[in-house]
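Source file: final-v3.cif; contents: mmCIF, C-alpha atoms and all ligand atoms.
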```cif
data_work
#
loop_
_atom_site.group_PDB
_atom_site.id
_atom_site.type_symbol
_atom_site.label_atom_id
_atom_site.label_comp_id
_atom_site.auth_asym_id
_atom_site.auth_seq_id
_atom_site.Cartn_x
_atom_site.Cartn_y
_atom_site.Cartn_z
ATOM 1 C CA MET I 6 88.241 62.244 28.440
ATOM 2 C CA LEU I 7 89.592 58.722 28.144
ATOM 3 C CA ARG I 8 90.912 57.085 31.312
ATOM 4 C CA VAL I 9 93.712 54.574 30.952
ATOM 5 C CA ILE I 10 95.074 52.056 33.469
ATOM 6 C CA VAL I 11 98.168 50.051 32.615
ATOM 7 C CA LEU I 12 97.402 46.564 33.926
ATOM 8 C CA GLY I 13 100.617 45.026 32.676
ATOM 9 C CA ALA I 14 103.675 46.771 31.229
ATOM 10 C CA ALA I 15 105.909 43.765 30.533
ATOM 11 C CA ALA I 16 106.344 41.749 27.362
ATOM 12 C CA GLY I 17 105.669 38.021 27.189
ATOM 13 C CA GLY I 18 107.238 36.273 30.180
ATOM 14 C CA GLY I 19 106.788 39.230 32.543
ATOM 15 C CA LEU I 20 109.285 40.575 35.051
ATOM 16 C CA PRO I 21 110.617 38.410 36.552
ATOM 17 C CA GLN I 22 110.203 35.669 33.948
ATOM 18 C CA TRP I 23 109.960 32.239 35.550
ATOM 19 C CA ASN I 24 113.146 30.827 34.010
ATOM 20 C CA CYS I 25 115.284 33.963 33.698
ATOM 21 C CA GLY I 26 118.288 34.959 35.756
ATOM 22 C CA CYS I 27 119.111 38.238 33.982
ATOM 23 C CA ASP I 28 119.918 41.411 35.970
ATOM 24 C CA ALA I 29 116.388 42.804 35.809
ATOM 25 C CA CYS I 30 114.680 39.518 36.663
ATOM 26 C CA ARG I 31 117.005 38.995 39.636
ATOM 27 C CA ALA I 32 116.417 42.548 40.833
ATOM 28 C CA ALA I 33 112.647 42.033 40.593
ATOM 29 C CA ARG I 34 112.881 38.759 42.504
ATOM 30 C CA GLU I 35 114.992 40.367 45.215
ATOM 31 C CA GLY I 36 112.672 43.336 45.685
ATOM 32 C CA ARG I 37 115.022 45.897 44.128
ATOM 33 C CA LEU I 38 112.797 46.482 41.079
ATOM 34 C CA ALA I 39 109.000 46.517 40.857
ATOM 35 C CA PRO I 40 107.741 43.313 39.183
ATOM 36 C CA GLN I 41 105.680 43.848 36.011
ATOM 37 C CA THR I 42 102.940 41.660 34.575
ATOM 38 C CA GLN I 43 102.329 40.894 30.902
ATOM 39 C CA SER I 44 100.982 43.557 28.605
ATOM 40 C CA SER I 45 97.403 44.745 28.905
ATOM 41 C CA ILE I 46 95.562 48.013 29.496
ATOM 42 C CA ALA I 47 92.056 49.023 30.568
ATOM 43 C CA VAL I 48 90.288 52.088 29.154
ATOM 44 C CA SER I 49 87.088 53.869 30.143
ATOM 45 C CA ALA I 50 85.007 56.886 29.169
ATOM 46 C CA ASP I 51 83.266 57.234 32.543
ATOM 47 C CA GLY I 52 85.326 55.366 35.148
ATOM 48 C CA ALA I 53 82.486 52.876 35.637
ATOM 49 C CA HIS I 54 82.432 50.900 32.385
ATOM 50 C CA TRP I 55 85.749 49.479 31.227
ATOM 51 C CA VAL I 56 87.188 47.908 28.102
ATOM 52 C CA LEU I 57 90.266 45.672 28.284
ATOM 53 C CA ILE I 58 92.785 45.735 25.496
ATOM 54 C CA ASN I 59 94.316 42.263 25.424
ATOM 55 C CA ALA I 60 93.861 39.539 28.016
ATOM 56 C CA SER I 61 97.168 38.703 29.640
ATOM 57 C CA PRO I 62 98.044 35.396 31.299
ATOM 58 C CA ASP I 63 98.385 37.534 34.452
ATOM 59 C CA ILE I 64 94.815 38.863 34.262
ATOM 60 C CA ARG I 65 93.711 37.340 37.549
ATOM 61 C CA GLN I 66 96.487 39.139 39.419
ATOM 62 C CA GLN I 67 95.865 42.331 37.411
ATOM 63 C CA LEU I 68 92.153 42.419 38.292
ATOM 64 C CA ALA I 69 92.930 41.690 41.937
ATOM 65 C CA ALA I 70 95.230 44.734 41.937
ATOM 66 C CA THR I 71 92.723 47.069 40.251
ATOM 67 C CA PRO I 72 89.589 47.989 42.295
ATOM 68 C CA ALA I 73 87.947 49.751 39.314
ATOM 69 C CA LEU I 74 87.729 46.409 37.498
ATOM 70 C CA GLN I 75 86.248 44.430 40.382
ATOM 71 C CA PRO I 76 82.547 43.480 40.859
ATOM 72 C CA GLN I 77 80.489 46.353 42.277
ATOM 73 C CA HIS I 78 77.237 44.401 42.800
ATOM 74 C CA PHE I 79 75.863 41.233 44.377
ATOM 75 C CA PRO I 80 75.782 38.477 43.218
ATOM 76 C CA ARG I 81 77.978 38.474 40.131
ATOM 77 C CA SER I 82 78.987 41.317 37.859
ATOM 78 C CA THR I 83 81.924 43.035 36.257
ATOM 79 C CA PRO I 84 82.701 46.567 35.138
ATOM 80 C CA ILE I 85 84.414 44.972 32.090
ATOM 81 C CA GLN I 86 82.143 45.422 29.088
ATOM 82 C CA ALA I 87 84.407 44.154 26.355
ATOM 83 C CA VAL I 88 87.842 42.755 25.540
ATOM 84 C CA LEU I 89 89.707 43.805 22.364
ATOM 85 C CA LEU I 90 92.674 41.879 21.013
ATOM 86 C CA THR I 91 95.557 43.373 19.028
ATOM 87 C CA ASN I 92 97.018 39.991 18.029
ATOM 88 C CA ALA I 93 96.917 36.306 18.978
ATOM 89 C CA ASP I 94 100.158 36.135 20.976
ATOM 90 C CA VAL I 95 99.967 34.060 24.149
ATOM 91 C CA ASP I 96 100.608 37.148 26.278
ATOM 92 C CA HIS I 97 97.484 38.763 24.776
ATOM 93 C CA ILE I 98 94.956 35.917 24.642
ATOM 94 C CA ALA I 99 95.728 33.399 27.394
ATOM 95 C CA GLY I 100 93.864 35.533 29.950
ATOM 96 C CA LEU I 101 90.605 34.853 28.114
ATOM 97 C CA LEU I 102 90.647 31.431 29.750
ATOM 98 C CA SER I 103 90.494 33.114 33.158
ATOM 99 C CA LEU I 104 87.385 35.112 32.148
ATOM 100 C CA ARG I 105 85.150 32.007 31.994
ATOM 101 C CA GLU I 106 82.492 31.656 34.755
ATOM 102 C CA GLY I 107 79.409 32.620 32.800
ATOM 103 C CA GLN I 108 79.948 36.354 32.597
ATOM 104 C CA PRO I 109 78.721 38.274 29.544
ATOM 105 C CA PHE I 110 81.161 40.577 27.750
ATOM 106 C CA ALA I 111 81.915 41.271 24.096
ATOM 107 C CA LEU I 112 85.062 39.982 22.427
ATOM 108 C CA TYR I 113 86.458 42.064 19.572
ATOM 109 C CA ALA I 114 89.300 41.079 17.221
ATOM 110 C CA THR I 115 90.097 41.010 13.523
ATOM 111 C CA GLY I 116 88.588 38.230 11.428
ATOM 112 C CA ARG I 117 91.993 36.553 11.373
ATOM 113 C CA VAL I 118 92.389 36.534 15.168
ATOM 114 C CA GLN I 119 88.747 35.492 15.664
ATOM 115 C CA GLY I 120 89.555 32.583 13.332
ATOM 116 C CA VAL I 121 92.531 31.606 15.480
ATOM 117 C CA LEU I 122 90.326 31.550 18.584
ATOM 118 C CA ALA I 123 87.577 29.621 16.782
ATOM 119 C CA ALA I 124 90.102 26.991 15.672
ATOM 120 C CA ASN I 125 91.116 26.365 19.281
ATOM 121 C CA ALA I 126 88.307 24.607 21.116
ATOM 122 C CA VAL I 127 89.667 25.541 24.540
ATOM 123 C CA PHE I 128 88.327 29.070 23.985
ATOM 124 C CA ASN I 129 84.825 27.586 23.987
ATOM 125 C CA VAL I 130 85.093 27.944 27.774
ATOM 126 C CA LEU I 131 83.750 31.383 26.863
ATOM 127 C CA ASP I 132 80.132 30.545 25.962
ATOM 128 C CA HIS I 133 79.415 32.079 22.545
ATOM 129 C CA LEU I 134 75.942 33.140 23.705
ATOM 130 C CA LEU I 135 77.329 35.097 26.649
ATOM 131 C CA VAL I 136 80.513 36.276 24.931
ATOM 132 C CA PRO I 137 79.628 37.394 21.406
ATOM 133 C CA ARG I 138 82.577 37.433 19.005
ATOM 134 C CA ARG I 139 82.662 40.621 16.967
ATOM 135 C CA LYS I 140 84.894 41.549 14.070
ATOM 136 C CA LEU I 141 86.803 44.756 14.498
ATOM 137 C CA ALA I 142 86.218 46.969 11.496
ATOM 138 C CA LEU I 143 89.433 48.232 9.907
ATOM 139 C CA ASP I 144 90.054 51.911 9.156
ATOM 140 C CA ALA I 145 86.697 52.999 10.535
ATOM 141 C CA GLN I 146 85.750 54.262 13.975
ATOM 142 C CA GLN I 147 83.277 52.067 15.820
ATOM 143 C CA PRO I 148 81.678 52.210 19.264
ATOM 144 C CA VAL I 149 82.672 49.415 21.637
ATOM 145 C CA LEU I 150 79.429 47.752 22.756
ATOM 146 C CA ASP I 151 78.885 45.349 25.627
ATOM 147 C CA ALA I 152 77.454 41.838 25.119
ATOM 148 C CA GLU I 153 73.889 43.197 24.989
ATOM 149 C CA GLY I 154 74.777 45.985 22.570
ATOM 150 C CA ARG I 155 74.952 48.851 25.074
ATOM 151 C CA ASP I 156 77.519 51.537 24.297
ATOM 152 C CA SER I 157 80.541 51.484 26.630
ATOM 153 C CA GLY I 158 81.349 55.076 25.655
ATOM 154 C CA VAL I 159 84.698 53.951 24.253
ATOM 155 C CA ARG I 160 85.331 54.338 20.522
ATOM 156 C CA VAL I 161 87.976 52.566 18.602
ATOM 157 C CA GLU I 162 89.516 52.609 15.154
ATOM 158 C CA ALA I 163 91.605 49.552 14.269
ATOM 159 C CA PHE I 164 94.238 49.513 11.553
ATOM 160 C CA THR I 165 96.721 46.895 10.405
ATOM 161 C CA ILE I 166 100.380 47.489 11.203
ATOM 162 C CA PRO I 167 103.595 45.669 10.300
ATOM 163 C CA GLY I 168 103.966 42.673 12.571
ATOM 164 C CA LYS I 169 104.220 38.940 12.742
ATOM 165 C CA VAL I 170 101.864 36.018 13.202
ATOM 166 C CA ALA I 171 101.756 34.719 16.787
ATOM 167 C CA LEU I 172 104.900 32.779 17.699
ATOM 168 C CA TRP I 173 102.908 29.579 18.212
ATOM 169 C CA LEU I 174 101.377 29.851 14.721
ATOM 170 C CA GLU I 175 104.584 30.486 12.791
ATOM 171 C CA ASP I 176 105.010 28.544 9.553
ATOM 172 C CA PRO I 177 108.794 28.148 9.122
ATOM 173 C CA ALA I 178 108.399 27.534 5.370
ATOM 174 C CA ALA I 179 106.309 30.619 4.582
ATOM 175 C CA ALA I 180 107.316 34.214 3.902
ATOM 176 C CA ASN I 181 107.393 36.209 7.169
ATOM 177 C CA PHE I 182 106.358 32.936 8.861
ATOM 178 C CA GLY I 183 102.908 33.026 7.280
ATOM 179 C CA SER I 184 101.947 36.407 8.710
ATOM 180 C CA VAL I 185 98.967 38.176 7.166
ATOM 181 C CA ALA I 186 97.957 41.819 7.515
ATOM 182 C CA GLU I 187 95.257 41.181 10.127
ATOM 183 C CA ASP I 188 97.631 39.366 12.475
ATOM 184 C CA THR I 189 98.703 42.632 14.106
ATOM 185 C CA ILE I 190 96.657 45.779 14.558
ATOM 186 C CA GLY I 191 97.015 49.147 16.187
ATOM 187 C CA LEU I 192 94.135 50.943 17.878
ATOM 188 C CA ALA I 193 93.152 54.613 18.056
ATOM 189 C CA ILE I 194 90.973 54.810 21.163
ATOM 190 C CA SER I 195 88.791 57.783 22.092
ATOM 191 C CA THR I 196 85.529 58.939 23.659
ATOM 192 C CA ALA I 197 82.796 61.237 22.389
ATOM 193 C CA ASP I 198 84.361 64.233 24.114
ATOM 194 C CA SER I 199 88.072 63.480 23.936
ATOM 195 C CA VAL I 200 90.081 65.672 21.594
ATOM 196 C CA GLY I 201 93.118 63.413 21.529
ATOM 197 C CA ARG I 202 93.181 59.656 21.166
ATOM 198 C CA LEU I 203 95.228 56.902 22.719
ATOM 199 C CA ILE I 204 97.249 55.252 19.979
ATOM 200 C CA TYR I 205 97.982 51.752 21.219
ATOM 201 C CA LEU I 206 100.694 49.802 19.373
ATOM 202 C CA PRO I 207 102.054 47.207 21.821
ATOM 203 C CA GLY I 208 103.622 45.113 19.077
ATOM 204 C CA CYS I 209 104.910 46.834 15.949
ATOM 205 C CA ALA I 210 107.623 45.696 13.533
ATOM 206 C CA ALA I 211 108.086 48.847 11.434
ATOM 207 C CA LEU I 212 106.775 52.379 11.099
ATOM 208 C CA PRO I 213 105.784 53.200 7.533
ATOM 209 C CA ALA I 214 104.765 56.783 6.808
ATOM 210 C CA ASP I 215 101.061 55.938 6.591
ATOM 211 C CA ILE I 216 101.007 54.856 10.229
ATOM 212 C CA LYS I 217 102.825 57.956 11.431
ATOM 213 C CA ALA I 218 100.425 60.033 9.337
ATOM 214 C CA ARG I 219 97.482 58.664 11.337
ATOM 215 C CA LEU I 220 98.605 60.511 14.444
ATOM 216 C CA ARG I 221 97.437 64.009 15.318
ATOM 217 C CA PRO I 222 98.745 66.514 17.871
ATOM 218 C CA GLY I 223 96.895 65.790 21.119
ATOM 219 C CA ASP I 224 97.144 62.041 20.639
ATOM 220 C CA SER I 225 98.986 59.996 23.238
ATOM 221 C CA LEU I 226 101.139 57.086 22.163
ATOM 222 C CA LEU I 227 101.668 53.758 23.947
ATOM 223 C CA PHE I 228 104.273 51.986 21.865
ATOM 224 C CA ASP I 229 106.137 48.687 21.611
ATOM 225 C CA GLY I 230 109.079 48.878 24.029
ATOM 226 C CA THR I 231 110.157 45.260 23.829
ATOM 227 C CA THR I 232 113.888 45.831 23.391
ATOM 228 C CA TYR I 233 116.365 48.714 23.451
ATOM 229 C CA THR I 234 118.651 47.260 20.765
ATOM 230 C CA ASP I 235 117.772 44.775 18.053
ATOM 231 C CA ASP I 236 120.203 42.081 19.227
ATOM 232 C CA GLU I 237 120.200 42.594 23.007
ATOM 233 C CA MET I 238 118.819 39.144 23.811
ATOM 234 C CA ILE I 239 121.535 37.476 21.757
ATOM 235 C CA ARG I 240 124.325 39.637 23.215
ATOM 236 C CA ALA I 241 123.102 39.026 26.773
ATOM 237 C CA GLY I 242 122.922 35.271 26.157
ATOM 238 C CA LEU I 243 119.173 35.262 26.804
ATOM 239 C CA GLY I 244 118.015 33.948 23.453
ATOM 240 C CA ASN I 245 118.800 33.605 19.784
ATOM 241 C CA LYS I 246 116.325 36.064 18.264
ATOM 242 C CA THR I 247 116.575 39.694 17.279
ATOM 243 C CA ALA I 248 113.720 42.082 17.952
ATOM 244 C CA ALA I 249 113.047 42.150 14.204
ATOM 245 C CA ARG I 250 112.737 38.351 14.145
ATOM 246 C CA MET I 251 110.120 38.622 16.894
ATOM 247 C CA GLY I 252 108.157 41.355 15.075
ATOM 248 C CA HIS I 253 109.311 44.226 17.269
ATOM 249 C CA LEU I 254 111.039 47.539 16.613
ATOM 250 C CA PRO I 255 113.877 48.361 19.040
ATOM 251 C CA MET I 256 113.901 51.699 20.857
ATOM 252 C CA SER I 257 117.384 52.879 19.875
ATOM 253 C CA GLY I 258 119.296 53.534 16.672
ATOM 254 C CA GLU I 259 118.451 55.546 13.589
ATOM 255 C CA ALA I 260 115.913 52.894 12.563
ATOM 256 C CA GLY I 261 114.566 52.570 16.116
ATOM 257 C CA SER I 262 111.315 53.850 17.538
ATOM 258 C CA MET I 263 112.739 56.890 19.369
ATOM 259 C CA ALA I 264 114.221 58.169 16.119
ATOM 260 C CA LEU I 265 111.184 57.313 14.009
ATOM 261 C CA TRP I 266 108.736 59.059 16.352
ATOM 262 C CA ARG I 267 111.061 62.007 17.091
ATOM 263 C CA ASP I 268 109.393 64.577 14.874
ATOM 264 C CA VAL I 269 105.794 63.603 15.511
ATOM 265 C CA PRO I 270 104.218 66.070 17.977
ATOM 266 C CA LEU I 271 102.213 64.155 20.555
ATOM 267 C CA ALA I 272 100.642 64.809 23.961
ATOM 268 C CA GLY I 273 102.493 61.839 25.445
ATOM 269 C CA LYS I 274 104.904 59.075 24.462
ATOM 270 C CA ARG I 275 105.093 55.972 26.600
ATOM 271 C CA PHE I 276 106.706 52.591 26.100
ATOM 272 C CA ILE I 277 104.848 49.395 27.041
ATOM 273 C CA HIS I 278 105.396 45.639 26.414
ATOM 274 C CA ILE I 279 108.898 45.944 27.846
ATOM 275 C CA ASN I 280 110.955 42.778 27.786
ATOM 276 C CA ASN I 281 112.966 41.791 30.855
ATOM 277 C CA SER I 282 116.119 42.000 28.693
ATOM 278 C CA ASN I 283 115.588 45.750 28.126
ATOM 279 C CA PRO I 284 118.139 47.821 30.120
ATOM 280 C CA VAL I 285 115.662 50.723 30.422
ATOM 281 C CA LEU I 286 114.137 48.710 33.273
ATOM 282 C CA LEU I 287 117.236 49.418 35.366
ATOM 283 C CA PRO I 288 116.599 52.880 36.888
ATOM 284 C CA HIS I 289 120.194 54.106 36.766
ATOM 285 C CA SER I 290 121.064 52.811 33.304
ATOM 286 C CA PRO I 291 122.194 55.134 30.514
ATOM 287 C CA GLU I 292 119.410 53.637 28.388
ATOM 288 C CA ARG I 293 116.780 54.802 30.895
ATOM 289 C CA ALA I 294 118.327 58.289 30.829
ATOM 290 C CA ALA I 295 118.288 58.231 27.025
ATOM 291 C CA ILE I 296 114.571 57.501 26.715
ATOM 292 C CA ALA I 297 113.783 60.179 29.303
ATOM 293 C CA ALA I 298 115.918 62.703 27.417
ATOM 294 C CA ALA I 299 113.976 61.820 24.258
ATOM 295 C CA GLY I 300 110.695 62.595 26.029
ATOM 296 C CA TRP I 301 109.515 59.053 26.631
ATOM 297 C CA GLN I 302 108.001 57.595 29.779
ATOM 298 C CA LEU I 303 108.139 53.953 30.769
ATOM 299 C CA ALA I 304 104.760 52.425 31.523
ATOM 300 C CA HIS I 305 104.502 50.370 34.704
ATOM 301 C CA ASP I 306 101.838 48.211 36.272
ATOM 302 C CA GLY I 307 99.211 50.412 37.883
ATOM 303 C CA MET I 308 100.160 53.540 35.914
ATOM 304 C CA GLU I 309 97.087 55.689 35.275
ATOM 305 C CA PHE I 310 96.715 58.588 32.901
ATOM 306 C CA SER I 311 94.056 60.243 30.847
ATOM 307 C CA VAL I 312 93.761 61.451 27.280
ATOM 308 C CA GLU I 313 91.875 64.757 27.111
HETATM 309 C C1 LIG I 401 105.928 38.629 21.345
HETATM 310 O O1 LIG I 401 105.459 39.694 21.680
HETATM 311 O O2 LIG I 401 106.917 38.562 20.599
HETATM 312 C C2 LIG I 401 105.243 37.388 21.807
HETATM 313 O O3 LIG I 401 104.457 37.670 22.920
HETATM 314 C C3 LIG I 401 106.182 36.273 22.034
HETATM 315 C C4 LIG I 401 105.539 35.135 22.757
HETATM 316 O O4 LIG I 401 104.405 34.753 22.431
HETATM 317 O O5 LIG I 401 106.162 34.602 23.680
HETATM 318 MN MN MN I 402 104.203 39.827 23.341
HETATM 319 ZN ZN ZN I 403 115.205 38.220 32.698
#
```

Would it be possible to restate this file's structure as structure tokens?
Amino acid sequence: MLRVIVLGAAAGGGLPQWNCGCDACRAAREGRLAPQTQSSIAVSADGAHWVLINASPDIRQQLAATPALQPQHFPRSTPIQAVLLTNADVDHIAGLLSLREGQPFALYATGRVQGVLAANAVFNVLDHLLVPRRKLALDAQQPVLDAEGRDSGVRVEAFTIPGKVALWLEDPAAANFGSVAEDTIGLAISTADSVGRLIYLPGCAALPADIKARLRPGDSLLFDGTTYTDDEMIRAGLGNKTAARMGHLPMSGEAGSMALWRDVPLAGKRFIHINNSNPVLLPHSPERAAIAAAGWQLAHDGMEFSVE
């Protein structure tokens, strides 16, 4: 069995976002809607050893809210054995800076994302001797090991998915802003005894048949829920980018994620990385009713579930 804790269910910016006065952000500020931190999950095979997927800028708050991830021993320790990255977006890597303090753990990412970290000297706050950088193999299952090489019990298979280079690395002159295949990955996460896997795709720009074909009945899906419609940020006056421009697939429409996943039998379908512009956040909205009717749950901070 794989245990899963949602540490952060929001997209970049969080809910509320510091500079946003939209309906959802105002409701979160006024206590009418539960605030959500930026996207990250923790997974474990035994409830004692944990692996983080992505390191959110809100990681300090997330760890403070999650007893399972806190030190269990004097003087210094952590149940966190490893951190895996699915891309180099700020909302997925900035939390690494809060994991300094001389604590060993293993850091897994594609060669491309490891290169991005290596090119930014600030990440040297994580001592390379204590925090070994490991390349995630693609299209092959591998055990997630801690810094000393001990097996965490979590297994992962990484695969490239359609996406976009991190916003802060975009090359305006290049095709798809200079994105390469290893910029964005999905993960199939399991344990030795789990039948199903957690398929984690927090940022995904399209769903070609080969990605859908990776899923098996019994798998549980945590999928990119950034926006409900492609142009909602523009229509709401919150920005000038479509979901597609940001490398995200909207939930609704015939080309949206609800339609594309409709016929794939799965043990669970949950949306994560939900932007504050997404009307599904508002509990009484027709959009929230629509995702529920389509069999989807909305992840929230502190949500726990298991994959059998
Ligand atoms: C995204 O998911 O599109 C990024 O997190 C955007 C950002 O870095 O702000
Ligand atoms: Mn993001
Ligand atoms: Zn907002």

### Task
Determine the residue set returned by the PyMOL selection byres (((not hetatm)) within 6 of (chain I and resi 401)) for the present structure, and present it as a ChimeraX atom specification.
/I:17,94-96,172,251

### Task
Return as a VMD selection string the residues of protein, DNA or RNA that approach ligand ZN 403 (chain I) to within 7 Å, with only C-alpha atoms and all ligand atoms taken into account.
chain I and resid 20 to 22 25 to 30 281 to 282

Do a neighbour search on Arg8 (chain I) at 8 Å with all atoms listed in the file, toss out local chain neighbours closer than 2 positions, and write the hits as a short mmCIF file (atom, residue, chain, number, x, y, z; two decimals) with C-alpha atoms, keeping the file's coordinate frame.
```cif
data_model
loop_
_atom_site.label_atom_id
_atom_site.label_comp_id
_atom_site.auth_asym_id
_atom_site.auth_seq_id
_atom_site.Cartn_x
_atom_site.Cartn_y
_atom_site.Cartn_z
CA MET I 6 88.24 62.24 28.44
CA ILE I 10 95.07 52.06 33.47
CA VAL I 48 90.29 52.09 29.15
CA SER I 49 87.09 53.87 30.14
CA ALA I 50 85.01 56.89 29.17
CA ASP I 51 83.27 57.23 32.54
CA GLY I 52 85.33 55.37 35.15
CA GLU I 309 97.09 55.69 35.28
CA PHE I 310 96.72 58.59 32.90
CA SER I 311 94.06 60.24 30.85
CA VAL I 312 93.76 61.45 27.28
#
```

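When all atoms listed in the file are used to compute distances to ligand MN 402 (chain I), the closest of the residues I:Trp173, I:Phe128, I:Phe182, I:Trp301 turns out to be I:Trp173.
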
### Message
Once the PyMOL selection byres (((chain I and resi 268) around 12) and not hetatm) has been evaluated on this model, what residues remain selected, and can you format them as JSON, numbers by chain?
### Response
{"I": [217, 218, 220, 221, 222, 262, 263, 264, 265, 266, 267, 269, 270, 271, 274, 299, 300]}

### Query
So which residues are close to (81.3, 41.7, 28.0), meaning at most 9 Å away in the file's coordinates with all atoms listed in the file counted, and can you show them as a VMD selection string?
chain I and resid 56 83 to 88 108 to 112 135 to 137 150 to 153
